[in-house]
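Participant: So that you have it, the file is start_27.cif, and it contains mmCIF, C-alpha atoms:
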data_model
#
loop_
_atom_site.label_atom_id
_atom_site.label_comp_id
_atom_site.auth_asym_id
_atom_site.auth_seq_id
_atom_site.Cartn_x
_atom_site.Cartn_y
_atom_site.Cartn_z
CA SER G 1 -58.01 27.78 -50.87
CA ARG G 2 -61.36 29.30 -51.67
CA MET G 3 -62.32 26.29 -53.77
CA ALA G 4 -61.53 23.85 -50.96
CA ILE G 5 -63.63 25.87 -48.52
CA LYS G 6 -66.52 25.97 -50.98
CA ASN G 7 -66.35 22.18 -51.47
CA HIS G 8 -66.22 21.71 -47.71
CA ILE G 9 -69.28 23.90 -47.08
CA ASN G 10 -71.15 22.09 -49.87
CA LYS G 11 -71.07 18.96 -47.72
CA PHE G 12 -73.39 20.80 -45.32
CA ILE G 13 -75.61 22.99 -47.48
CA ILE G 14 -77.09 22.83 -50.97
CA GLN G 15 -78.07 25.74 -53.20
CA SER G 16 -81.54 25.86 -54.74
CA GLN G 17 -80.20 25.71 -58.32
CA GLU G 18 -78.33 22.54 -57.45
CA LEU G 19 -81.40 20.95 -55.83
CA LYS G 20 -83.48 21.89 -58.87
CA ARG G 21 -80.92 20.10 -61.06
CA LYS G 22 -81.00 16.99 -58.89
CA PHE G 23 -84.78 16.72 -58.78
CA LYS G 24 -84.91 13.65 -61.00
CA SER G 25 -82.44 11.72 -58.85
CA LYS G 26 -83.91 8.63 -57.21
CA ASP G 27 -81.54 8.95 -54.28
CA ILE G 28 -82.80 12.24 -52.95
CA ARG G 29 -85.30 12.69 -50.13
CA ILE G 30 -86.48 16.24 -49.42
CA ILE G 31 -87.67 17.04 -45.91
CA ASP G 32 -89.82 20.04 -45.03
CA CYS G 33 -89.54 20.83 -41.32
CA ARG G 34 -91.08 24.28 -40.94
CA TRP G 35 -91.60 24.93 -37.24
CA TYR G 36 -92.76 27.94 -35.25
CA LEU G 37 -92.31 28.38 -31.52
CA GLY G 38 -95.70 28.27 -29.83
CA GLU G 39 -97.65 27.68 -33.08
CA SER G 40 -97.62 23.92 -33.39
CA LYS G 41 -99.93 23.62 -36.41
CA ARG G 42 -98.49 26.44 -38.49
CA GLY G 43 -95.63 24.45 -40.05
CA VAL G 44 -97.79 21.58 -41.25
CA ASN G 45 -100.48 23.98 -42.48
CA GLU G 46 -97.92 25.85 -44.57
CA TYR G 47 -96.65 22.52 -45.88
CA GLN G 48 -100.16 21.50 -46.91
CA SER G 49 -100.81 24.71 -48.79
CA CYS G 50 -97.43 24.84 -50.54
CA HIS G 51 -94.15 22.93 -50.42
CA ILE G 52 -91.22 21.98 -52.61
CA LYS G 53 -92.21 19.23 -55.00
CA GLU G 54 -91.58 15.74 -53.56
CA ALA G 55 -90.99 17.05 -50.02
CA ILE G 56 -92.05 15.00 -46.98
CA PHE G 57 -93.13 16.77 -43.80
CA PHE G 58 -91.14 16.14 -40.60
CA ASP G 59 -92.97 17.32 -37.50
CA ILE G 60 -90.42 18.14 -34.79
CA ASP G 61 -93.08 18.10 -32.07
CA LYS G 62 -94.62 14.80 -33.15
CA ILE G 63 -91.47 12.86 -33.97
CA SER G 64 -90.16 13.19 -30.45
CA ASN G 65 -90.01 11.38 -27.15
CA HIS G 66 -93.57 11.58 -25.83
CA SER G 67 -92.69 9.94 -22.54
CA SER G 68 -90.84 13.11 -21.57
CA ASP G 69 -92.69 16.02 -20.02
CA LEU G 70 -90.44 18.36 -22.02
CA PRO G 71 -91.40 19.34 -25.58
CA HIS G 72 -89.70 17.78 -28.62
CA MET G 73 -86.98 15.78 -26.93
CA PHE G 74 -85.08 13.50 -29.34
CA PRO G 75 -87.23 10.66 -30.71
CA LYS G 76 -86.59 7.08 -29.71
CA ASN G 77 -85.14 4.72 -32.26
CA LYS G 78 -88.45 3.02 -33.11
CA MET G 79 -90.34 6.22 -33.79
CA PHE G 80 -87.62 7.57 -36.07
CA SER G 81 -87.33 4.22 -37.78
CA ASN G 82 -91.11 4.19 -38.48
CA PHE G 83 -90.86 7.62 -40.07
CA LEU G 84 -88.09 6.32 -42.35
CA LYS G 85 -90.02 3.20 -43.36
CA LYS G 86 -93.22 5.08 -44.06
CA ASN G 87 -91.41 7.51 -46.35
CA ASP G 88 -89.04 5.06 -48.02
CA ILE G 89 -85.89 6.62 -46.61
CA ASP G 90 -82.69 4.79 -45.86
CA LYS G 91 -79.02 5.54 -45.30
CA LYS G 92 -78.22 5.38 -49.00
CA ASN G 93 -80.39 8.44 -49.62
CA GLN G 94 -79.17 11.98 -49.77
CA ILE G 95 -81.30 13.93 -47.32
CA ILE G 96 -82.10 17.58 -48.12
CA ILE G 97 -83.76 19.56 -45.35
CA TYR G 98 -85.42 22.95 -45.50
CA ASP G 99 -87.47 25.25 -43.29
CA GLN G 100 -89.17 28.62 -43.74
CA GLU G 101 -86.17 30.89 -43.53
CA GLY G 102 -82.93 28.95 -43.80
CA PHE G 103 -81.64 27.73 -40.47
CA LEU G 104 -84.18 27.90 -37.68
CA SER G 105 -85.49 24.34 -37.38
CA SER G 106 -83.66 22.72 -40.32
CA ALA G 107 -80.45 22.40 -38.26
CA ARG G 108 -82.39 20.46 -35.63
CA VAL G 109 -83.62 17.92 -38.18
CA TRP G 110 -80.12 17.77 -39.73
CA LEU G 111 -78.81 16.89 -36.27
CA THR G 112 -81.51 14.24 -35.78
CA PHE G 113 -80.48 12.45 -38.97
CA LYS G 114 -76.82 12.78 -38.00
CA TYR G 115 -77.57 11.44 -34.53
CA PHE G 116 -79.02 8.27 -36.05
CA GLY G 117 -75.96 7.77 -38.23
CA PHE G 118 -76.90 9.29 -41.61
CA LYS G 119 -73.86 10.52 -43.53
CA ASN G 120 -75.28 12.48 -46.43
CA VAL G 121 -77.47 15.23 -45.01
CA LYS G 122 -77.68 18.83 -46.24
CA ILE G 123 -79.69 21.95 -45.54
CA LEU G 124 -81.22 24.01 -48.35
CA ASP G 125 -79.56 27.42 -48.15
CA GLY G 126 -82.14 30.18 -47.69
CA GLY G 127 -84.99 27.72 -47.10
CA ILE G 128 -88.27 27.70 -49.03
CA LYS G 129 -88.28 31.50 -48.96
CA LYS G 130 -85.32 31.74 -51.34
CA TRP G 131 -86.64 28.78 -53.39
CA ARG G 132 -89.92 30.63 -54.00
CA LEU G 133 -88.21 33.92 -54.76
CA GLU G 134 -86.36 32.06 -57.49
CA LYS G 135 -89.67 30.72 -58.85
CA PHE G 136 -88.70 27.08 -58.48
CA PRO G 137 -91.46 24.43 -58.49
CA VAL G 138 -93.80 24.13 -55.51
CA THR G 139 -96.96 22.07 -55.07
CA LYS G 140 -99.72 21.37 -52.61
CA LEU G 141 -99.87 17.67 -53.53
CA LYS G 142 -98.94 15.32 -50.70
CA THR G 143 -95.86 13.27 -51.46
CA GLU G 144 -96.78 9.60 -51.46
CA ARG G 145 -94.00 7.06 -51.22
CA GLU G 146 -93.98 3.28 -51.19
CA LYS G 147 -93.36 1.97 -47.69
CA ASN G 148 -90.02 0.21 -47.35
CA GLU G 149 -89.43 -2.63 -44.94
CA ASN G 150 -85.69 -2.13 -44.56
CA ASN G 151 -84.52 -2.82 -41.08
CA PHE G 152 -83.04 0.41 -39.93
CA ILE G 153 -79.91 0.02 -37.84
CA ALA G 154 -79.26 3.17 -35.86
CA ILE G 155 -75.62 3.93 -35.22
CA LYS G 156 -76.23 6.54 -32.56
CA GLN G 157 -73.71 9.32 -32.26
CA LYS G 158 -72.73 10.53 -28.80
CA ILE G 159 -73.88 14.09 -29.33
CA ILE G 160 -76.51 14.53 -26.64
CA ILE G 161 -75.56 15.42 -23.07
CA ASN G 162 -77.98 15.26 -20.16
CA LYS G 163 -78.41 17.58 -17.20
CA LYS G 164 -76.58 15.33 -14.75
CA LYS G 165 -73.49 15.02 -16.94
CA LEU G 166 -73.43 18.75 -17.54
CA GLN G 167 -73.70 19.50 -13.82
CA GLU G 168 -70.81 17.11 -13.23
CA LEU G 169 -68.71 18.84 -15.86
CA ILE G 170 -69.37 22.24 -14.31
CA ARG G 171 -68.65 20.97 -10.81
CA LYS G 172 -65.47 19.04 -11.53
CA LYS G 173 -63.99 21.50 -14.05
CA LYS G 174 -61.71 18.64 -15.09
CA LYS G 175 -61.54 19.44 -18.76
CA GLU G 176 -61.64 22.74 -20.57
CA PHE G 177 -65.19 23.24 -21.76
CA THR G 178 -67.38 25.97 -23.22
CA ILE G 179 -71.15 26.23 -22.89
CA ILE G 180 -72.91 28.17 -25.65
CA ASP G 181 -76.43 29.55 -25.26
CA ALA G 182 -78.08 29.97 -28.67
CA ARG G 183 -81.08 32.04 -27.58
CA PRO G 184 -81.51 35.70 -28.58
CA LYS G 185 -79.55 38.16 -26.48
CA ASP G 186 -82.49 39.46 -24.43
CA ARG G 187 -83.48 35.96 -23.39
CA TYR G 188 -79.89 35.07 -22.52
CA HIS G 189 -79.67 38.12 -20.26
CA GLY G 190 -83.11 37.39 -18.79
CA LEU G 191 -84.46 40.78 -19.86
CA ILE G 192 -87.66 39.33 -21.27
CA PRO G 193 -89.85 36.44 -20.09
CA GLU G 194 -89.29 33.00 -21.59
CA PRO G 195 -91.88 32.11 -24.28
CA ARG G 196 -92.96 29.06 -22.28
CA SER G 197 -94.79 29.91 -19.08
CA GLY G 198 -93.24 28.96 -15.78
CA LEU G 199 -89.64 28.94 -16.98
CA ILE G 200 -87.17 30.97 -14.96
CA ARG G 201 -85.22 33.68 -16.74
CA GLY G 202 -81.45 33.65 -16.99
CA ASN G 203 -78.78 31.32 -18.34
CA ILE G 204 -76.57 28.41 -17.35
CA LYS G 205 -73.54 29.64 -15.52
CA PRO G 206 -70.85 29.75 -17.03
CA SER G 207 -72.17 30.15 -20.58
CA ILE G 208 -71.53 32.54 -23.45
CA ASN G 209 -74.18 33.77 -25.87
CA ILE G 210 -74.08 33.23 -29.63
CA PRO G 211 -77.65 33.79 -30.89
CA TYR G 212 -78.74 31.10 -33.35
CA ASN G 213 -79.75 33.58 -36.06
CA SER G 214 -76.31 35.17 -36.10
CA ILE G 215 -75.16 32.32 -38.37
CA GLN G 216 -77.28 33.56 -41.27
CA LYS G 217 -77.40 36.65 -43.44
CA LYS G 218 -80.51 38.83 -43.75
CA ASN G 219 -81.73 36.73 -46.69
CA GLY G 220 -81.62 33.47 -44.68
CA CYS G 221 -78.46 32.16 -46.34
CA LEU G 222 -75.54 30.88 -44.34
CA LYS G 223 -72.87 33.51 -43.66
CA ASP G 224 -69.55 33.18 -45.47
CA PHE G 225 -66.90 30.94 -43.95
CA LYS G 226 -64.74 33.83 -42.76
CA ASP G 227 -67.72 35.48 -41.06
CA LEU G 228 -68.66 32.22 -39.34
CA LYS G 229 -65.10 31.94 -38.11
CA LYS G 230 -65.27 35.49 -36.81
CA LEU G 231 -68.60 34.79 -35.11
CA ILE G 232 -67.26 31.80 -33.21
CA PHE G 233 -63.70 32.86 -32.51
CA ASN G 234 -64.08 36.59 -32.01
CA ASP G 235 -62.88 37.23 -28.46
CA LYS G 236 -64.94 34.21 -27.40
CA LYS G 237 -61.80 32.24 -26.43
CA ILE G 238 -63.24 29.00 -27.77
CA SER G 239 -60.63 26.38 -28.46
CA LYS G 240 -61.07 23.36 -30.72
CA ASP G 241 -59.70 21.19 -27.92
CA ASN G 242 -62.52 22.20 -25.60
CA ASP G 243 -65.64 20.18 -25.01
CA ILE G 244 -68.44 22.36 -26.35
CA ILE G 245 -72.02 22.13 -25.18
CA CYS G 246 -74.76 24.02 -27.04
CA TYR G 247 -78.17 24.68 -25.54
CA CYS G 248 -81.22 26.90 -26.07
CA GLY G 249 -84.80 27.03 -24.75
CA SER G 250 -85.79 23.47 -25.62
CA GLY G 251 -83.28 22.00 -28.04
CA VAL G 252 -84.16 23.37 -31.48
CA THR G 253 -82.08 26.48 -32.13
CA ALA G 254 -78.98 25.19 -30.30
CA CYS G 255 -78.54 22.91 -33.33
CA ASN G 256 -77.73 25.97 -35.46
CA ILE G 257 -74.60 26.57 -33.44
CA PHE G 258 -73.76 22.86 -33.43
CA PHE G 259 -74.09 22.89 -37.24
CA VAL G 260 -71.65 25.79 -37.66
CA LEU G 261 -69.14 24.34 -35.18
CA LYS G 262 -69.09 21.18 -37.30
CA ILE G 263 -68.49 23.24 -40.45
CA LEU G 264 -65.59 24.91 -38.65
CA GLY G 265 -64.07 21.54 -37.78
CA PHE G 266 -64.88 21.21 -34.09
CA ARG G 267 -64.88 17.60 -32.91
CA ASN G 268 -66.18 17.53 -29.35
CA VAL G 269 -69.58 19.17 -29.61
CA LYS G 270 -72.71 18.07 -27.75
#
Please re-express this file's structure in structure tokens.
Facilitator:
Amino acid sequence: SRMAIKNHINKFIIQSQELKRKFKSKDIRIIDCRWYLGESKRGVNEYQSCHIKEAIFFDIDKISNHSSDLPHMFPKNKMFSNFLKKNDIDKKNQIIIYDQEGFLSSARVWLTFKYFGFKNVKILDGGIKKWRLEKFPVTKLKTEREKNENNFIAIKQKIIINKKKLQELIRKKKKEFTIIDARPKDRYHGLIPEPRSGLIRGNIKPSINIPYNSIQKKNGCLKDFKDLKKLIFNDKKISKDNDIICYCGSGVTACNIFFVLKILGFRNVK
């Protein structure tokens, strides 16, 4: 029923009116994760000049594995745990994440919290853009929280696949699998250079292309359930029994597709 679908989707996203109502709740932690490809300071600068009241900034580039020569690979347990302690966040909290437009980088931070075993994590529909259009409260004051000393126990989810495993999967073709490339169409087809210098054009063979921004409407809100279903299932021959692997340029926008697959009830997504 329509009601059941709405309740289901509300486990993944939150509307600005609802967040505004919940402001006084002690259990909520709001995370601002604005991020721009190739402009590493822009997100934090925007946060400093204006953010949703009580929001904490999460820097995708900083909270990452610095021993890798690739940008913003998933953070190690200790680094993530330090971020939680510093900002008084634990698993009991409801985590609300937003970015500049809805679902560019917010899905990546949603996935990071999910990866470390958080249950109650939602994305603000339409991002700060919609929030400001609706004249809801913003501030430039830094959110200060008491440090907590809770020992964070990460229950890591098996949702990351590495290159070797993926190559094996492609070579052995044992199980039915689908690889989804979340980059814009022109990058998927190798028609334009990659934004990072030195990267070869093209895509992983055999992959299909579902651009990350095709999950949202023009206004930055998540598309309706039936349109998301259409997007994923339309002549794409994706089965729920398949292993699904999502990728993009460097692991941010692929999370948008992961997010929608989870809403649609897919189990085996990496």
Participant: Apply the PyMOL selection byres ((chain G and resi 61-77) around 8) to the file shown and report the selected residues as a PyMOL selection string.
Facilitator: chain G and resi 40+58-60+78-81+112+154+250-251
Participant: Expand the PyMOL selection byres ((chain G and resi 190) around 12) into the individual residues it matches in the shown file, reporting them as a list in words.
Facilitator: Arg183, Pro184, Lys185, Asp186, Arg187, Tyr188, His189, Leu191, Ile192, Pro193, Glu194, Pro195, Leu199, Ile200, Arg201, Gly202, Asn203, Ile204 and Asn209 of chain G
Participant: What's the separation between CA of Gln167 in chain G and CA of Phe113 in chain G, in Å to one decimal place?
Facilitator: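 It comes out at 27.0 Å.
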Participant: Between G:Gln100, G:Gln94, G:Ser105, G:Gln17, single out the one closest to Ala254 in chain G, counting all atoms listed in the file.
Facilitator: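 For Ala254 in chain G, the nearest of the given residues is G:Ser105.
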Participant: I'd like to see the residues matched by the PyMOL selection byres ((chain G and resi 206) around 10) on this file, and ideally I'd get them as number ranges by chain.
Facilitator: G: 170, 177-181, 203-205, 207-208
Participant: If I take CA of Gly117 in chain G and CA of Lys156 in chain G, how far is one from the other in Å, to one decimal?
Facilitator: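 Result for CA of Gly117 in chain G versus CA of Lys156 in chain G: 5.8 Å, one decimal.
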Participant: Mind giving me the straight-line distance from CA of Ile263 in chain G to CA of Asn93 in chain G in Å, one decimal?
Facilitator: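 Computing the Euclidean distance for CA of Ile263 in chain G and CA of Asn93 in chain G yields 21.1 Å.
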Participant: Using only C-alpha atoms, find the one residue out of G:Phe152, G:Phe12, G:Trp35, G:Phe136 that sits nearest to Lys86 in chain G.
Facilitator: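 For Lys86 in chain G, the nearest of the candidates is G:Phe152.
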Participant: From the set G:Leu261, G:Ile238, G:Ile97, G:Val109, which residue has the shortest atom-to-atom contact distance to Ser16 in chain G, counting all atoms listed in the file?
Facilitator: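 Using all atoms listed in the file, the shortest distance to Ser16 in chain G belongs to G:Ile97.
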Participant: I'd like the contact shell of Ile155 in chain G - 9 Å cut-off, all atoms listed in the file, skipping same-chain residues fewer than 4 positions apart - returned as a VMD selection string.
Facilitator: chain G and resid 115 to 118
Participant: Point out the residue among G:Lys53, G:Lys229, G:His8, G:Lys41 with the least atom-to-atom distance to Trp131 in chain G, counting all atoms listed in the file.
Facilitator: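 The answer is G:Lys53, which sits nearest to Trp131 in chain G.
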Participant: Using all atoms listed in the file, which residues sit within 10 Å of Lys11 in chain G once same-chain residues fewer than 5 positions away are excluded, as a JSON list (two decimals) with C-alpha atoms, in the frame of the given file?
Facilitator:
[["chain", "number", "residue", "atom", "x", "y", "z"],
["G", 6, "LYS", "CA", -66.52, 25.97, -50.98],
["G", 119, "LYS", "CA", -73.86, 10.52, -43.53],
["G", 120, "ASN", "CA", -75.28, 12.48, -46.43],
["G", 121, "VAL", "CA", -77.47, 15.23, -45.01],
["G", 122, "LYS", "CA", -77.68, 18.83, -46.24],
["G", 123, "ILE", "CA", -79.69, 21.95, -45.54],
["G", 263, "ILE", "CA", -68.49, 23.24, -40.45]]
Participant: Between G:Lys135, G:Lys130, G:Arg145, G:Lys218, which one has atoms that come closest to Ala55 in chain G, using all atoms listed in the file?
Facilitator: G:Arg145
Participant: Which one is closest to Lys237 in chain G: G:Glu176, G:Lys223, G:Ala107, G:Gly102? Count only C-alpha atoms.
Facilitator: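 Of the candidates, the smallest distance to Lys237 in chain G is held by G:Glu176.
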Participant: Find the spatial neighbours of Ser106 in chain G, counting all atoms listed in the file, within a cut-off of 9 Å - ignore same-chain residues fewer than 4 positions away - and output them as a list of chain:residue names.
Facilitator: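 Listing them by chain and then by number gives G:Ile31, G:Asp32, G:Cys33, G:Arg34, G:Trp35, G:Ile97, G:Tyr98, G:Asp99, G:Gln100, G:Gly102, G:Trp110, G:Leu111, G:Ile123, G:Leu124, G:Gly127, G:Val252, G:Cys255, G:Asn256.
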Participant: Might you pull out every residue within 12 Å of range 24-26 of chain G, with all atoms listed in the file counted and same-chain residues fewer than 2 positions away left off, and present them as a ChimeraX atom specification?
Facilitator: /G:18-22,28-30,53-54,88-89,92-95,145
Participant: Counting only C-alpha atoms, what is within 8 Å of His51 in chain G, bar same-chain residues fewer than 4 positions away, as a PyMOL selection string?
Facilitator: chain G and resi 32+46-47+55+128+138-140
Participant: Please define a box with edges along x, y and z of the file around all atoms of range 193-202 of chain G given in the file, extend it by 5 Å on each side, and return its centre and edge lengths in Å to one decimal, as JSON.
Facilitator:
{"center_x": -88.1, "center_y": 32.7, "center_z": -19.6, "size_x": 23.3, "size_y": 17.5, "size_z": 19.3}
